[in-house]
Structure formats: structure tokens, C-alpha cells
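Each remark here refers to the structure printed beneath this line.
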Amino acid sequence: MAGTTGTTGAGGATGAADGRERPIVIVGASLGGAKAAEALREAGYRGGIVLVGEEHERPYERPPLSKGYLLGKESREKIYVHPPQWYAEHDVTLRLGTAVAAIDPAGHTITLADDGRVEYAKLLLTTGSVPRRLPVPGADQDGVLYLRQVEDSDRIKAALRPGARIAVIGAGWIGLEVAAAARTAGAEVTVLEAMELPLLRVLGREVAQVFADLHRDHGVDLRFGVQVSELTGTDGTVSGVRLGDGTEVAADAVVIGIGISPATGLAEAAGLEVDNGIKTDRQLRTSDPDVYAAGDVANAFHPLFARHIRVEHWANALNQPQTAARAMLGQPDAVYDRVPYFFTDAEWTPRHPNEPVASRDKLSMEYLGYVEPDGYDRVVFRGDVKANEFVAFWLSGGRVLAGMNMNIWDVTDPIRELIVSKRVVDADRLADPNVPLGEV
């Protein structure tokens, strides 16, 4: 492992007291943190880099935790961003299992939980987010599971046994992906959601209904408009979910997926501007000129939308650090203006024995764009919705705000162009699969 340039042990002096240049410090040994370190080296930066993370695992990607890794299709080694030797080879000091207690912007110092201190020249916060906890009695029992870290995925995987009764609270992306994985594993699945449809605030009623139909079609018991009042149990282990109307749903395990909150505690205590995440400019610079933020935690000003947006998806954690790295190195053209992107995939056992997997038995989706709830006035479908092979477009005033391709590939570039151009389109031509998207 690399040395500890710019760092000290408990109670020691600040790291740059020996006259060496202060390092760039990254708080959050996540995908975003690892990619930032990589981008700094690729940009030619030769100074010190210190990457600090609370988890004991080296940086890894989170999408497999609810997809391939959860299903046992991807090995643990596949989830890591870099092999273990990469950090030493690129002179990156990796401090794992290390919590940061405070940031002192005036002193350009972070304080570690063991009272050690690290000076920085520039600081990047990639602290990500934390799952929202379910605030009902019984939520602290064994068998109540959340999904954020790799150990969480391991615990959920162990619960997904043939015939097991799995209750999923929350029909967002995580909840639906876990539900699909559970059905693939042969478990009985009940999804409990307070809204009328899954992903309603994200996709709107028209497309949310498609997801509801798809999951029901593969044996998921979807219950909408319900309130959870209590998690029941025996001897400290969960045994079911009691709803507001008194109905009880038996469960051998309960997976909570009711959203995430940006991990802004350090930033807020340091006096940085926080509003639904750490607010940044288009270069991902916070209200302090030497502190930057990227990934789930960043509420960044987006030039295309002329507003601040916070995106909780993998692509931001992958791509924003490149902009942050270049901006920290003083490159004025470093602006984050990528169109938000998200993907999900799931596959079920074919409904009829000895049949190949058909489009209705899989969900491979890419989503580009950004739409506020009720921020669109029309959804246009292109393709066969019933066969689960289509593209959906969200429009406002005739302009494409977002597009989602389901089991159809090689269309993200023209979808992106439609969004970025902001031109008014002919909805009939947009819906016609015989008209190339580039000619709409």
C-alpha cells in the first residue's frame, strides 16, 4: 500500500509541516473517490493523493449489489474499481476503515475520528448517501435488511432462498431490483408501496404502469397505497409486516428500500452550503473555493437545465469525478454538463418451462434526461409496449426532456441529441419506428 504522505497518527502534527506540498484529499473511498484519484493521475497531477473511507473494503461499484452480484452472477472481485495494487502503483494513499470527524476549511484540514489530521490543498467530498431508515416499531430486528454496502448485499443474498417469504418495503429502483432477484431465486415476494404505482414520481403514471405490469406478470405481489405500521417478530427476529389497516404480511426477511439521503453531515458542520445535497457550481466547486463535491452527495448546477440537480445514479459517480479532478487542477473548461443517465436490468425465469427468455422475461433499460414530477405534458411511446420492446419519451411543449429505451439498444446517442438540442419535435414521427430518431 502507498505511504501516508500528508497524514499523521492520533494527536500528531499536520501533514504538511515538513514543507512538502499539501496533497489533494478525497473523503469517500467510493466509485467516485477512486475515479477522482484515477482522473488526477491521468491529468498529469504528480502531487500527493489521500483517499479516506469508512468502509474496510477498497472502492467498489454499487450497481452489482442489486443486480449481478446479488444474483450470484458476478464474483466479489468483479465489483472493485481497481485491483488492490493499483493504489500503491499510482502513489495513492488509501486510508480504509477511517472515519472523518470534521473538516476545517479555514485551516485546510480534516480531522479523523482517531484525532489524526490531514492537511489538504484541495478537498473532494464523495461521501455518497445513506439509506433512509424505516421509522416504525420492530424495524431494529434481525432479518430487517437495507442495501447500500457489499455486506448488505451478502445478507440479502443469503435470505433469497427458494420458498422464502420476502417483503420489500418501497417500490423504487432498489426495491424492484431486489424483488426481481428474489423471484429469480425462487422466493415469494410481496412489495409494499405507499404510492399508487412503482416509481411514480420518477417515471410518471404512463411508464410506471409498465413496470407494475411486468413485475406482476412474474409473480410479484404488488400492494400499492399501503402504510406500514409495524414490523412484527419473535425473539428479536422479524416475522412479518403489519399494515395500517391491520393486514399482516408474513415474511422471513424484510428489505427496506424507501430511498436514500445525501451524506452531508460533514459539509454542513463545516459551514458549506447544503440544500438537498452539497451545492456546487458547474465545476463541482462548493461554497468554499478549495472544496469540491461529486456523486450522490452533490447538488450541482447543470448548464443544460440551468438549475441545480442531484442525481443518485452510477453514471454521476463515474463521470463527475473527472470534471472535479480537472477543476481542482485549475482547468477553466472543466464543466459537468453530461445528460443524466441511468440503467437497470433484471431477468426472470421464463414463465413457461423449456421456453427461451423472451423480452417479457427481462428488463434491460437505459434512461437519459431529467424530468421533475409533473414536469412533462406528454409521454410518447415508440415500439411494442406489450412485448417490452419500446422507447418512451417525456415531452414538454413538444421538446424531449428524457427518453427511456427498454430492450432496444443503440439509441442513446440520438436520444441524447434530442434532449440537448431542445428542438420541438413532431410527436407522430417520434412515435414511428420507421423514422430514424436522428431524422425526427
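To be explicit about the labels: the chains of the C-alpha cells are called A, B, and onward in the order shown, and within each one the residues are counted from 1, while ligands get numbers from 1 in the order they are shown.
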
Item to complete: Please identify all polymer residues within 6 Å of region 399-409 of chain A, counting only C-alpha atoms, omitting same-chain residues fewer than 6 positions from it, and present them as a PyMOL selection string.
Response: chain A and resi 364-370+389-393+419+422-424

Fill in: All alpha helix (DSSP H) positions in region 191-405 of chain A, as a VMD selection string
chain A and resid 200 to 217 265 to 269 314 to 328

Quick one: which region 240-265 of chain A residues come within 9 Å of region 164-168 of chain A, and what is the nearest atom pair for each with the distance in Å to one decimal, counting only C-alpha atoms, rows ordered by chain and ascending number, as a tab-separated table?
```
residue	atom	partner	partner_atom	distance
A:Gly240	CA	A:Ala167	CA	7.8
A:Val241	CA	A:Ala167	CA	7.7
A:Val249	CA	A:Ala167	CA	7.6
A:Ala250	CA	A:Arg165	CA	7.0
A:Ala251	CA	A:Arg165	CA	4.8
A:Asp252	CA	A:Arg165	CA	5.2
A:Ala253	CA	A:Ile166	CA	5.3
A:Val254	CA	A:Ala167	CA	4.8
A:Val255	CA	A:Val168	CA	4.7
A:Ile256	CA	A:Val168	CA	6.0
A:Gly257	CA	A:Val168	CA	7.1
```

Let's have the selection written as a JSON list (two decimals), in the first residue's frame, with N, CA and C atoms.
```json
[["chain", "number", "residue", "atom", "x", "y", "z"],
["A", 240, "GLY", "N", -42.87, -10.57, 10.04],
["A", 240, "GLY", "CA", -43.89, -10.04, 9.15],
["A", 240, "GLY", "C", -44.00, -8.54, 9.20],
["A", 241, "VAL", "N", -44.94, -8.03, 8.41],
["A", 241, "VAL", "CA", -45.20, -6.60, 8.32],
["A", 241, "VAL", "C", -46.68, -6.37, 8.60],
["A", 249, "VAL", "N", -48.54, -9.22, 6.64],
["A", 249, "VAL", "CA", -47.84, -9.91, 5.56],
["A", 249, "VAL", "C", -46.71, -10.71, 6.20],
["A", 250, "ALA", "N", -46.78, -12.02, 6.12],
["A", 250, "ALA", "CA", -45.74, -12.88, 6.69],
["A", 250, "ALA", "C", -44.45, -12.72, 5.90],
["A", 251, "ALA", "N", -43.33, -12.73, 6.62],
["A", 251, "ALA", "CA", -42.05, -12.55, 5.94],
["A", 251, "ALA", "C", -40.93, -13.21, 6.73],
["A", 252, "ASP", "N", -40.05, -13.90, 6.02],
["A", 252, "ASP", "CA", -38.83, -14.44, 6.62],
["A", 252, "ASP", "C", -37.72, -13.40, 6.64],
["A", 253, "ALA", "N", -37.84, -12.39, 5.77],
["A", 253, "ALA", "CA", -36.91, -11.26, 5.74],
["A", 253, "ALA", "C", -37.65, -10.07, 5.16],
["A", 254, "VAL", "N", -37.28, -8.87, 5.59],
["A", 254, "VAL", "CA", -37.89, -7.65, 5.10],
["A", 254, "VAL", "C", -36.78, -6.75, 4.58],
["A", 255, "VAL", "N", -36.88, -6.37, 3.31],
["A", 255, "VAL", "CA", -35.89, -5.48, 2.70],
["A", 255, "VAL", "C", -36.50, -4.09, 2.60],
["A", 256, "ILE", "N", -35.80, -3.10, 3.15],
["A", 256, "ILE", "CA", -36.29, -1.72, 3.16],
["A", 256, "ILE", "C", -35.61, -0.95, 2.03],
["A", 257, "GLY", "N", -36.42, -0.38, 1.14],
["A", 257, "GLY", "CA", -35.88, 0.43, 0.05],
["A", 257, "GLY", "C", -36.72, 1.67, -0.14]]
```

Discussion item. What's the separation between CA of Leu96 (chain A) and CA of Glu54 (chain A), in Å to one decimal place?
Written reply: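 Between CA of Leu96 (chain A) and CA of Glu54 (chain A) the gap works out to 6.0 Å.
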
Worksheet entry | Interatomic distance (Å, one decimal) between CA of Ser239 (chain A) and CA of Gly138 (chain A) |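 Distance reported for this atom pair: 10.0 Å.
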
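For the choices A:Leu124, A:Leu203, A:Leu71, A:Leu112, the atom-to-atom distance to Thr280 (chain A) is smallest for A:Leu124 when using only C-alpha atoms.
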
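Closest approach to Glu77 (chain A) among A:Val150, A:Leu266, A:Val220, A:Ala346 is made by A:Val150 (distances from only C-alpha atoms).
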